[in-house]
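Asks: Input structure: run-v4.txt, which contains compact mmCIF, C-alpha atoms and all ligand atoms.
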```txt
# COMPACT_ATOMS: atom_id res chain seq x y z
CA MET A 21 13.88 -46.61 -3.24
CA VAL A 22 15.18 -43.09 -2.88
CA PRO A 23 15.77 -42.06 0.72
CA VAL A 24 13.71 -39.08 1.76
CA SER A 25 16.85 -37.18 2.68
CA SER A 26 18.11 -37.36 -0.89
CA PRO A 27 18.24 -34.02 -2.65
CA ALA A 28 16.36 -35.67 -5.49
CA ALA A 29 13.42 -36.18 -3.14
CA ALA A 30 13.53 -32.69 -1.67
CA PRO A 31 10.12 -31.11 -1.72
CA VAL A 32 10.98 -27.52 -2.58
CA THR A 33 13.12 -26.41 -5.51
CA VAL A 34 14.53 -22.88 -5.44
CA THR A 35 15.87 -21.55 -8.73
CA PHE A 36 17.82 -18.31 -8.80
CA ALA A 37 16.64 -17.15 -12.21
CA GLY A 38 18.00 -13.71 -11.40
CA SER A 39 20.68 -13.21 -8.77
CA GLY A 40 22.05 -9.80 -9.69
CA ASP A 41 21.86 -6.22 -8.56
CA ALA A 42 20.04 -3.38 -10.32
CA PHE A 43 22.89 -2.67 -12.73
CA GLY A 44 23.57 -5.96 -14.46
CA SER A 45 26.81 -6.58 -12.56
CA GLY A 46 28.47 -9.73 -13.80
CA GLY A 47 25.93 -9.95 -16.62
CA ARG A 48 23.37 -11.15 -14.14
CA SER A 49 19.63 -10.70 -14.23
CA GLN A 50 17.83 -8.71 -11.56
CA ALA A 51 16.18 -10.32 -8.56
CA CYS A 52 13.91 -13.21 -9.54
CA ILE A 53 13.79 -16.33 -7.37
CA HIS A 54 11.47 -19.15 -8.43
CA LEU A 55 10.13 -21.53 -5.79
CA GLN A 56 8.47 -24.79 -6.71
CA GLY A 57 6.72 -26.73 -3.96
CA PRO A 58 5.96 -30.45 -3.96
CA GLY A 59 3.17 -32.37 -5.62
CA GLY A 60 2.71 -30.21 -8.67
CA ALA A 61 2.00 -27.08 -6.66
CA ALA A 62 1.96 -23.92 -8.75
CA PRO A 63 5.29 -22.10 -8.50
CA VAL A 64 5.73 -18.68 -6.92
CA LEU A 65 8.35 -15.95 -7.23
CA LEU A 66 10.30 -13.98 -4.71
CA ASP A 67 10.71 -10.63 -6.43
CA CYS A 68 10.28 -9.93 -10.11
CA GLY A 69 12.94 -7.54 -11.37
CA ALA A 70 12.66 -5.91 -14.78
CA THR A 71 14.61 -8.72 -16.50
CA SER A 72 12.59 -11.56 -14.99
CA LEU A 73 10.80 -12.95 -18.04
CA THR A 74 14.07 -13.40 -19.88
CA ALA A 75 15.67 -14.87 -16.77
CA LEU A 76 12.86 -17.37 -16.22
CA ARG A 77 12.76 -18.52 -19.83
CA ARG A 78 16.53 -18.95 -19.85
CA CYS A 79 16.02 -21.40 -16.97
CA GLY A 80 13.25 -23.20 -18.85
CA LEU A 81 10.64 -21.88 -16.42
CA ASP A 82 7.25 -20.73 -17.66
CA PRO A 83 6.30 -17.24 -16.42
CA GLY A 84 2.68 -18.10 -17.19
CA ALA A 85 2.68 -20.88 -14.58
CA VAL A 86 3.60 -18.56 -11.71
CA ALA A 87 0.63 -18.31 -9.36
CA ALA A 88 1.92 -15.66 -6.96
CA VAL A 89 4.71 -13.12 -6.71
CA PHE A 90 5.98 -11.96 -3.33
CA VAL A 91 7.64 -8.56 -3.65
CA SER A 92 10.17 -7.35 -1.11
CA HIS A 93 10.13 -3.67 -2.07
CA LEU A 94 9.15 -1.23 -4.75
CA HIS A 95 12.39 -0.72 -6.64
CA GLY A 96 12.50 -1.55 -10.34
CA ASP A 97 15.02 -4.35 -9.93
CA HIS A 98 12.55 -6.08 -7.61
CA PHE A 99 9.10 -5.37 -9.09
CA GLY A 100 9.80 -3.89 -12.55
CA GLY A 101 9.10 -7.22 -14.28
CA LEU A 102 5.48 -7.38 -13.19
CA PRO A 103 4.07 -5.38 -16.13
CA PHE A 104 5.74 -7.85 -18.50
CA MET A 105 4.49 -10.79 -16.44
CA ILE A 106 0.93 -9.50 -16.59
CA LEU A 107 1.03 -8.62 -20.28
CA ASN A 108 2.57 -11.97 -21.09
CA GLY A 109 -0.37 -13.63 -19.36
CA GLN A 110 -2.77 -11.50 -21.37
CA PHE A 111 -1.22 -12.36 -24.73
CA ALA A 112 -0.80 -16.03 -23.77
CA ARG A 113 -4.49 -16.16 -22.84
CA ARG A 114 -3.81 -16.97 -19.24
CA VAL A 115 -6.92 -17.84 -17.24
CA ASP A 116 -5.50 -18.68 -13.81
CA PRO A 117 -5.39 -15.75 -11.39
CA LEU A 118 -2.10 -14.12 -10.43
CA THR A 119 -1.66 -12.85 -6.90
CA VAL A 120 0.91 -10.18 -6.17
CA VAL A 121 1.81 -9.70 -2.53
CA GLY A 122 3.94 -6.69 -1.74
CA PRO A 123 4.53 -3.71 0.50
CA PRO A 124 1.92 -1.04 1.15
CA GLY A 125 1.79 1.15 -1.94
CA ILE A 126 2.03 -1.64 -4.50
CA ALA A 127 -1.66 -1.37 -5.36
CA ARG A 128 -1.00 2.17 -6.57
CA ARG A 129 2.57 1.88 -7.86
CA LEU A 130 2.08 -1.23 -10.02
CA PRO A 131 -0.78 0.25 -12.12
CA GLU A 132 1.24 3.46 -12.41
CA LEU A 133 4.22 1.48 -13.65
CA MET A 134 2.07 -0.39 -16.16
CA GLU A 135 0.61 2.86 -17.49
CA CYS A 136 4.06 4.37 -17.84
CA MET A 137 5.40 1.37 -19.74
CA PHE A 138 2.31 0.29 -21.71
CA PRO A 139 -0.44 2.93 -21.68
CA GLY A 140 -3.87 1.39 -21.19
CA SER A 141 -2.45 -1.86 -19.86
CA SER A 142 -3.56 -1.39 -16.28
CA THR A 143 -7.26 -1.13 -17.14
CA VAL A 144 -7.64 -3.48 -20.11
CA ALA A 145 -10.04 -6.43 -19.69
CA ARG A 146 -8.15 -9.68 -19.16
CA GLU A 147 -9.25 -13.28 -18.88
CA PHE A 148 -7.44 -13.66 -15.58
CA GLY A 149 -7.55 -11.67 -12.38
CA VAL A 150 -4.58 -9.92 -10.82
CA ASP A 151 -5.07 -9.73 -7.08
CA LEU A 152 -2.90 -7.15 -5.35
CA VAL A 153 -2.34 -7.80 -1.67
CA GLU A 154 -0.60 -5.19 0.46
CA LEU A 155 1.43 -6.75 3.24
CA ARG A 156 2.41 -4.57 6.16
CA PRO A 157 5.43 -5.35 8.32
CA GLY A 158 4.37 -7.51 11.22
CA THR A 159 1.57 -9.20 9.30
CA GLU A 160 1.10 -12.30 7.17
CA ALA A 161 -0.65 -13.22 3.94
CA VAL A 162 -1.32 -16.47 2.13
CA ALA A 163 -1.19 -16.78 -1.65
CA ALA A 164 -1.02 -19.92 -3.81
CA GLY A 165 -0.76 -22.00 -0.64
CA VAL A 166 2.34 -20.13 0.51
CA ARG A 167 2.27 -18.19 3.76
CA ALA A 168 4.38 -15.03 3.85
CA ALA A 169 5.34 -13.17 6.99
CA ALA A 170 6.85 -9.70 6.72
CA TRP A 171 9.33 -7.65 8.74
CA ALA A 172 10.33 -4.05 8.20
CA ALA A 173 13.57 -3.75 6.27
CA ASP A 174 15.77 -0.63 6.25
CA HIS A 175 15.70 0.38 2.59
CA PRO A 176 13.81 3.51 1.47
CA SER A 177 11.83 2.72 -1.67
CA GLY A 178 8.76 4.94 -1.59
CA GLY A 179 7.06 2.65 0.88
CA PRO A 180 8.00 0.16 3.56
CA ALA A 181 10.55 -2.38 2.38
CA LEU A 182 10.02 -5.93 3.58
CA ALA A 183 12.15 -8.84 4.67
CA LEU A 184 10.10 -11.95 4.04
CA ARG A 185 9.75 -15.45 5.39
CA LEU A 186 7.82 -17.91 3.25
CA ALA A 187 6.35 -21.19 4.45
CA ILE A 188 6.14 -23.40 1.36
CA GLY A 189 5.69 -27.16 1.12
CA GLY A 190 6.64 -27.69 4.77
CA LYS A 191 9.85 -25.69 4.37
CA VAL A 192 10.76 -22.16 5.38
CA VAL A 193 12.64 -19.72 3.16
CA GLY A 194 13.81 -16.39 4.57
CA TYR A 195 14.68 -13.48 2.29
CA THR A 196 16.37 -10.27 3.35
CA GLY A 197 15.47 -8.30 0.24
CA ASP A 198 17.60 -5.15 0.14
CA THR A 199 18.27 -3.73 3.59
CA ALA A 200 20.84 -2.34 5.91
CA TRP A 201 21.48 -4.73 8.78
CA THR A 202 18.52 -4.89 11.13
CA ASP A 203 17.96 -7.30 13.99
CA ALA A 204 14.70 -8.27 12.26
CA LEU A 205 16.88 -10.49 10.06
CA ILE A 206 17.57 -12.69 13.08
CA ASP A 207 13.85 -13.52 13.17
CA VAL A 208 13.64 -13.90 9.41
CA ALA A 209 16.44 -16.48 9.50
CA ALA A 210 15.50 -18.26 12.73
CA GLY A 211 15.50 -22.00 12.04
CA ALA A 212 14.72 -21.49 8.35
CA ASP A 213 15.70 -24.16 5.86
CA LEU A 214 17.23 -21.46 3.67
CA LEU A 215 18.09 -17.79 4.09
CA ILE A 216 18.56 -15.85 0.86
CA ALA A 217 20.66 -12.89 1.87
CA GLU A 218 21.71 -9.77 0.04
CA ALA A 219 25.49 -9.29 0.01
CA TYR A 220 25.90 -6.14 -2.01
CA TYR A 221 29.46 -5.19 -1.10
CA ARG A 222 32.17 -6.89 0.90
CA GLU A 223 33.11 -4.17 3.39
CA LYS A 224 32.32 -0.82 1.84
CA SER A 225 29.51 0.90 3.66
CA VAL A 226 26.68 1.52 1.23
CA PRO A 227 23.57 3.01 2.80
CA TYR A 228 20.56 0.74 3.09
CA HIS A 229 22.27 -2.41 1.81
CA LEU A 230 23.68 -5.53 3.41
CA ARG A 231 27.38 -6.27 3.21
CA LEU A 232 29.21 -9.53 3.49
CA ALA A 233 30.84 -8.01 6.57
CA ASP A 234 27.41 -7.64 8.20
CA LEU A 235 26.58 -11.29 7.57
CA VAL A 236 29.92 -12.39 8.97
CA GLU A 237 29.54 -10.16 12.02
CA HIS A 238 26.05 -11.49 12.75
CA GLY A 239 26.64 -15.00 11.45
CA ALA A 240 26.13 -16.63 14.83
CA GLN A 241 22.71 -15.01 15.10
CA LEU A 242 21.55 -16.30 11.72
CA THR A 243 20.33 -19.79 12.54
CA SER A 244 19.03 -20.90 9.15
CA ARG A 245 20.30 -24.27 7.97
CA ARG A 246 21.73 -22.69 4.89
CA ILE A 247 22.59 -19.20 3.63
CA VAL A 248 22.86 -18.30 -0.05
CA LEU A 249 24.10 -14.85 -1.05
CA THR A 250 22.48 -12.83 -3.81
CA HIS A 251 22.21 -9.25 -5.19
CA MET A 252 26.00 -8.98 -5.43
CA SER A 253 27.78 -6.01 -6.98
CA ALA A 254 30.98 -6.26 -8.99
CA ASP A 255 32.86 -5.70 -5.73
CA MET A 256 31.61 -9.08 -4.51
CA LEU A 257 31.65 -10.90 -7.83
CA GLU A 258 35.25 -9.95 -8.56
CA HIS A 259 36.39 -11.28 -5.19
CA PRO A 260 34.95 -14.77 -4.82
CA ASP A 261 36.41 -15.07 -1.35
CA GLN A 262 33.10 -15.39 0.44
CA ALA A 263 33.83 -19.03 1.23
CA ARG A 264 31.92 -18.84 4.45
CA PHE A 265 28.66 -18.71 2.51
CA GLU A 266 27.31 -20.17 -0.69
CA ALA A 267 26.80 -17.63 -3.45
CA ALA A 268 24.00 -17.66 -5.99
CA ALA A 269 24.47 -17.42 -9.73
CA ASP A 270 21.83 -17.11 -12.40
CA GLY A 271 20.39 -20.57 -12.92
CA LEU A 272 21.53 -21.97 -9.57
CA VAL A 273 19.09 -24.59 -8.32
CA VAL A 274 18.90 -25.26 -4.58
CA ARG A 275 16.79 -28.08 -3.20
CA ILE A 276 15.65 -27.88 0.39
ZN ZN B 1 16.31 -1.75 -3.58
ZN ZN B 2 17.91 -4.23 -5.42
```
What do you get writing this file as structure tokens?
Replies:
Amino acid sequence: MVPVSSPAAAPVTVTFAGSGDAFGSGGRSQACIHLQGPGGAAPVLLDCGATSLTALRRCGLDPGAVAAVFVSHLHGDHFGGLPFMILNGQFARRVDPLTVVGPPGIARRLPELMECMFPGSSTVAREFGVDLVELRPGTEAVAAGVRAAAWAADHPSGGPALALRLAIGGKVVGYTGDTAWTDALIDVAAGADLLIAEAYYREKSVPYHLRLADLVEHGAQLTSRRIVLTHMSADMLEHPDQARFEAAADGLVVRI
């Protein structure tokens, strides 16, 4: 009999298929975090950077099984993989719908991106529906049985950037996305089972991004059970002295 507290019995599996920044630092894939709930629930993604299909397959995860993608903001390293995801479904004869939840503007920007990359792809008849849901800061949406709440992040990207909090399988996962420090992150992290936090640089001030120094400074206000760092530049990766927090790597599996 496996005790319920055993990691093996944990109901939600979080796989960091892509844990990198936009520029391939450390040879890492762009943002793509795969969440699998209990009981055979369809998996969902947090962000879908341009390299996501490769990243998922490298982890043995089927992009065609993903039921919903929650997008933090409209930069290519966070939503640039969606055209590939949708075309892969088309060529693999996917029939189950795909829901994409993202910031205001995604319903326009995603078809534009598809047309730029694969002309005609945004209007072609497919055997599965792609539902685009625009999520404003301060509101919630449910997709594939996962409830997402959104806060305004501080990260210009042609539309509002979001920090997200997902309720999945009885657990709560907070995600900063890319953002300068904002007190909204205190709410995103509050009591969560896991906070996935950007840590772009250690100390250097880079506009509109989180630094390790910000997380240390506000550490007492971040009340999640666990914090895992992601979206790290070479500055972070070459100085693995962030002992205060766990750091993601491509392929890292966290059970909560
Ligand atoms: Zn960004
Ligand atoms: Zn980014």
Asks: Closest to Val192 in chain A among A:Glu237, A:Asp213, A:Asp174, A:Asp207, using only C-alpha atoms?
Replies: A:Asp213
Asks: Report the distance between CA of Val121 in chain A and CA of Ala145 in chain A in Å, rounded to one decimal place.
Replies: 21.1 Å
Asks: How would you write, as a VMD selection string, the set of residues no farther than 9 Å from ligand ZN 1 (chain B) when counting all atoms listed in the file?
Replies: chain A and resid 41 to 42 92 to 98 175 to 177 181 197 to 199 228 to 229
Asks: Around (11.1, -5.8, -9.4) in the file's own coordinates, what residues are found within 12 Å if you use only C-alpha atoms, given back as a PyMOL selection string?
Replies: chain A and resi 38+40-42+49-53+65-73+89-105+120+122+126+129-130+133+177+197-198
Asks: Kindly indicate which residue among A:Ala168, A:Ala233, A:Ala200, A:Leu272 lies nearest to ligand ZN 2 (chain B), using all atoms listed in the file for the distances.
Replies: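 Ranking A:Ala168, A:Ala233, A:Ala200, A:Leu272 by distance to ligand ZN 2 (chain B), first place goes to A:Ala200.
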Asks: Given the choices A:Leu257, A:Val274, A:Leu155, A:Ala217, which gets closest to ligand ZN 2 (chain B) if the distance is worked out from all atoms listed in the file?
Replies: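 Once distances to ligand ZN 2 (chain B) are computed over all atoms listed in the file, the minimum belongs to A:Ala217.
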Asks: Given all atoms listed in the file as the basis, pick out the residue of A:Thr202, A:Tyr220, A:Leu232, A:Gly271 nearest to ligand ZN 2 (chain B).
Replies: A:Tyr220
Asks: One number please: CA of Ala170 in chain A to CA of Ala210 in chain A, in Å, one decimal.
Replies: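 Result for CA of Ala170 in chain A versus CA of Ala210 in chain A: 13.6 Å, one decimal.
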Asks: What's the 10 Å shell around Gln110 in chain A, counting only C-alpha atoms, without same-chain residues fewer than 4 positions away, as a list of chain:residue names?
Replies: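 Using only C-alpha atoms, the neighbours found are A:Gly84, A:Phe104, A:Met105, A:Ile106, A:Arg114, A:Val115, A:Ser141, A:Val144, A:Ala145, A:Arg146, A:Glu147, A:Phe148.
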Asks: Mind writing the picked residues with C-alpha atoms as a JSON list (two decimals), keeping the file's coordinate frame?
Replies:
```json
[["chain", "number", "residue", "atom", "x", "y", "z"],
["A", 84, "GLY", "CA", 2.68, -18.10, -17.19],
["A", 104, "PHE", "CA", 5.74, -7.85, -18.50],
["A", 105, "MET", "CA", 4.49, -10.79, -16.44],
["A", 106, "ILE", "CA", 0.93, -9.50, -16.59],
["A", 114, "ARG", "CA", -3.81, -16.97, -19.24],
["A", 115, "VAL", "CA", -6.92, -17.84, -17.24],
["A", 141, "SER", "CA", -2.45, -1.86, -19.86],
["A", 144, "VAL", "CA", -7.64, -3.48, -20.11],
["A", 145, "ALA", "CA", -10.04, -6.43, -19.69],
["A", 146, "ARG", "CA", -8.15, -9.68, -19.16],
["A", 147, "GLU", "CA", -9.25, -13.28, -18.88],
["A", 148, "PHE", "CA", -7.44, -13.66, -15.58]]
```
Asks: I need the residue nearest Thr250 in chain A from this list: A:Gly179, A:Ile216, A:Leu81, A:Glu132. Use only C-alpha atoms for the distance.
Replies: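 The answer is A:Ile216, which sits nearest to Thr250 in chain A.
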Asks: Please write as number ranges by chain the list of polymer residues whose atoms come within 6 Å of (4.4, -8.0, 6.7), counting all atoms listed in the file and keeping to the coordinates of the file.
Replies: A: 155-160, 169-171
Asks: Restricting the calculation to only C-alpha atoms: of A:Val226, A:Leu186, A:Ala254, A:Ala263, which residue gets closest to Gly44 in chain A?
Replies: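 The closest residue to Gly44 in chain A is A:Ala254.
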Asks: In Å, how far is it from CA of Ala37 in chain A to CA of Asp270 in chain A?
Replies: 5.2 Å
Asks: Provide range 27-55 of chain A of the preceding structure as a file containing N, CA and C atoms, as a PDB file, in the first residue's frame.
Replies:
```
ATOM      1  N   PRO A  27       5.493  10.607  -3.209  1.00  0.00           N
ATOM      2  CA  PRO A  27       5.539  11.269  -4.513  1.00  0.00           C
ATOM      3  C   PRO A  27       4.948  10.414  -5.620  1.00  0.00           C
ATOM      4  N   ALA A  28       5.101   9.076  -5.483  1.00  0.00           N
ATOM      5  CA  ALA A  28       4.586   8.202  -6.525  1.00  0.00           C
ATOM      6  C   ALA A  28       3.068   8.298  -6.633  1.00  0.00           C
ATOM      7  N   ALA A  29       2.414   8.701  -5.538  1.00  0.00           N
ATOM      8  CA  ALA A  29       0.962   8.790  -5.549  1.00  0.00           C
ATOM      9  C   ALA A  29       0.476  10.208  -5.801  1.00  0.00           C
ATOM     10  N   ALA A  30       1.395  11.120  -6.033  1.00  0.00           N
ATOM     11  CA  ALA A  30       1.012  12.522  -6.208  1.00  0.00           C
ATOM     12  C   ALA A  30       0.107  12.675  -7.415  1.00  0.00           C
ATOM     13  N   PRO A  31      -0.897  13.500  -7.292  1.00  0.00           N
ATOM     14  CA  PRO A  31      -1.907  13.546  -8.349  1.00  0.00           C
ATOM     15  C   PRO A  31      -1.550  14.392  -9.561  1.00  0.00           C
ATOM     16  N   VAL A  32      -0.616  15.308  -9.423  1.00  0.00           N
ATOM     17  CA  VAL A  32      -0.310  16.181 -10.560  1.00  0.00           C
ATOM     18  C   VAL A  32       1.185  16.082 -10.880  1.00  0.00           C
ATOM     19  N   THR A  33       1.482  15.821 -12.135  1.00  0.00           N
ATOM     20  CA  THR A  33       2.863  15.721 -12.591  1.00  0.00           C
ATOM     21  C   THR A  33       3.177  16.917 -13.487  1.00  0.00           C
ATOM     22  N   VAL A  34       4.210  17.649 -13.114  1.00  0.00           N
ATOM     23  CA  VAL A  34       4.619  18.839 -13.857  1.00  0.00           C
ATOM     24  C   VAL A  34       5.953  18.523 -14.528  1.00  0.00           C
ATOM     25  N   THR A  35       5.984  18.585 -15.836  1.00  0.00           N
ATOM     26  CA  THR A  35       7.214  18.309 -16.584  1.00  0.00           C
ATOM     27  C   THR A  35       7.674  19.587 -17.281  1.00  0.00           C
ATOM     28  N   PHE A  36       8.888  19.984 -16.953  1.00  0.00           N
ATOM     29  CA  PHE A  36       9.482  21.158 -17.600  1.00  0.00           C
ATOM     30  C   PHE A  36      10.093  20.714 -18.934  1.00  0.00           C
ATOM     31  N   ALA A  37       9.254  20.605 -19.949  1.00  0.00           N
ATOM     32  CA  ALA A  37       9.764  20.209 -21.265  1.00  0.00           C
ATOM     33  C   ALA A  37      10.711  21.287 -21.788  1.00  0.00           C
ATOM     34  N   GLY A  38      10.349  22.535 -21.575  1.00  0.00           N
ATOM     35  CA  GLY A  38      11.208  23.651 -21.939  1.00  0.00           C
ATOM     36  C   GLY A  38      11.335  24.595 -20.771  1.00  0.00           C
ATOM     37  N   SER A  39      12.577  24.872 -20.373  1.00  0.00           N
ATOM     38  CA  SER A  39      12.811  25.695 -19.182  1.00  0.00           C
ATOM     39  C   SER A  39      13.716  26.883 -19.496  1.00  0.00           C
ATOM     40  N   GLY A  40      13.894  27.187 -20.777  1.00  0.00           N
ATOM     41  CA  GLY A  40      14.876  28.183 -21.164  1.00  0.00           C
ATOM     42  C   GLY A  40      14.300  29.558 -21.435  1.00  0.00           C
ATOM     43  N   ASP A  41      15.199  30.441 -21.848  1.00  0.00           N
ATOM     44  CA  ASP A  41      14.789  31.785 -22.246  1.00  0.00           C
ATOM     45  C   ASP A  41      14.530  31.788 -23.755  1.00  0.00           C
ATOM     46  N   ALA A  42      14.442  32.982 -24.336  1.00  0.00           N
ATOM     47  CA  ALA A  42      14.114  33.077 -25.758  1.00  0.00           C
ATOM     48  C   ALA A  42      15.287  32.688 -26.649  1.00  0.00           C
ATOM     49  N   PHE A  43      16.505  32.660 -26.073  1.00  0.00           N
ATOM     50  CA  PHE A  43      17.701  32.624 -26.913  1.00  0.00           C
ATOM     51  C   PHE A  43      18.477  31.314 -26.824  1.00  0.00           C
ATOM     52  N   GLY A  44      17.845  30.287 -26.309  1.00  0.00           N
ATOM     53  CA  GLY A  44      18.497  28.987 -26.267  1.00  0.00           C
ATOM     54  C   GLY A  44      19.627  28.893 -25.267  1.00  0.00           C
ATOM     55  N   SER A  45      19.651  29.774 -24.271  1.00  0.00           N
ATOM     56  CA  SER A  45      20.729  29.745 -23.279  1.00  0.00           C
ATOM     57  C   SER A  45      20.833  28.363 -22.648  1.00  0.00           C
ATOM     58  N   GLY A  46      22.052  27.883 -22.552  1.00  0.00           N
ATOM     59  CA  GLY A  46      22.277  26.568 -21.958  1.00  0.00           C
ATOM     60  C   GLY A  46      21.773  25.425 -22.820  1.00  0.00           C
ATOM     61  N   GLY A  47      21.446  25.706 -24.083  1.00  0.00           N
ATOM     62  CA  GLY A  47      20.907  24.669 -24.949  1.00  0.00           C
ATOM     63  C   GLY A  47      19.491  24.273 -24.602  1.00  0.00           C
ATOM     64  N   ARG A  48      18.834  25.122 -23.859  1.00  0.00           N
ATOM     65  CA  ARG A  48      17.489  24.777 -23.375  1.00  0.00           C
ATOM     66  C   ARG A  48      16.403  25.195 -24.359  1.00  0.00           C
ATOM     67  N   SER A  49      15.307  24.464 -24.286  1.00  0.00           N
ATOM     68  CA  SER A  49      14.133  24.805 -25.076  1.00  0.00           C
ATOM     69  C   SER A  49      13.373  25.952 -24.426  1.00  0.00           C
ATOM     70  N   GLN A  50      12.593  26.631 -25.240  1.00  0.00           N
ATOM     71  CA  GLN A  50      11.790  27.752 -24.740  1.00  0.00           C
ATOM     72  C   GLN A  50      10.636  27.244 -23.878  1.00  0.00           C
ATOM     73  N   ALA A  51       9.966  28.191 -23.236  1.00  0.00           N
ATOM     74  CA  ALA A  51       8.969  27.869 -22.211  1.00  0.00           C
ATOM     75  C   ALA A  51       7.924  26.868 -22.702  1.00  0.00           C
ATOM     76  N   CYS A  52       7.831  25.762 -21.995  1.00  0.00           N
ATOM     77  CA  CYS A  52       6.824  24.731 -22.294  1.00  0.00           C
ATOM     78  C   CYS A  52       6.733  23.818 -21.074  1.00  0.00           C
ATOM     79  N   ILE A  53       5.687  24.009 -20.294  1.00  0.00           N
ATOM     80  CA  ILE A  53       5.523  23.254 -19.047  1.00  0.00           C
ATOM     81  C   ILE A  53       4.261  22.417 -19.160  1.00  0.00           C
ATOM     82  N   HIS A  54       4.425  21.113 -19.003  1.00  0.00           N
ATOM     83  CA  HIS A  54       3.368  20.129 -19.246  1.00  0.00           C
ATOM     84  C   HIS A  54       2.803  19.689 -17.901  1.00  0.00           C
ATOM     85  N   LEU A  55       1.508  19.800 -17.740  1.00  0.00           N
ATOM     86  CA  LEU A  55       0.866  19.431 -16.472  1.00  0.00           C
ATOM     87  C   LEU A  55      -0.124  18.303 -16.722  1.00  0.00           C
TER      88      LEU A  55
END
```
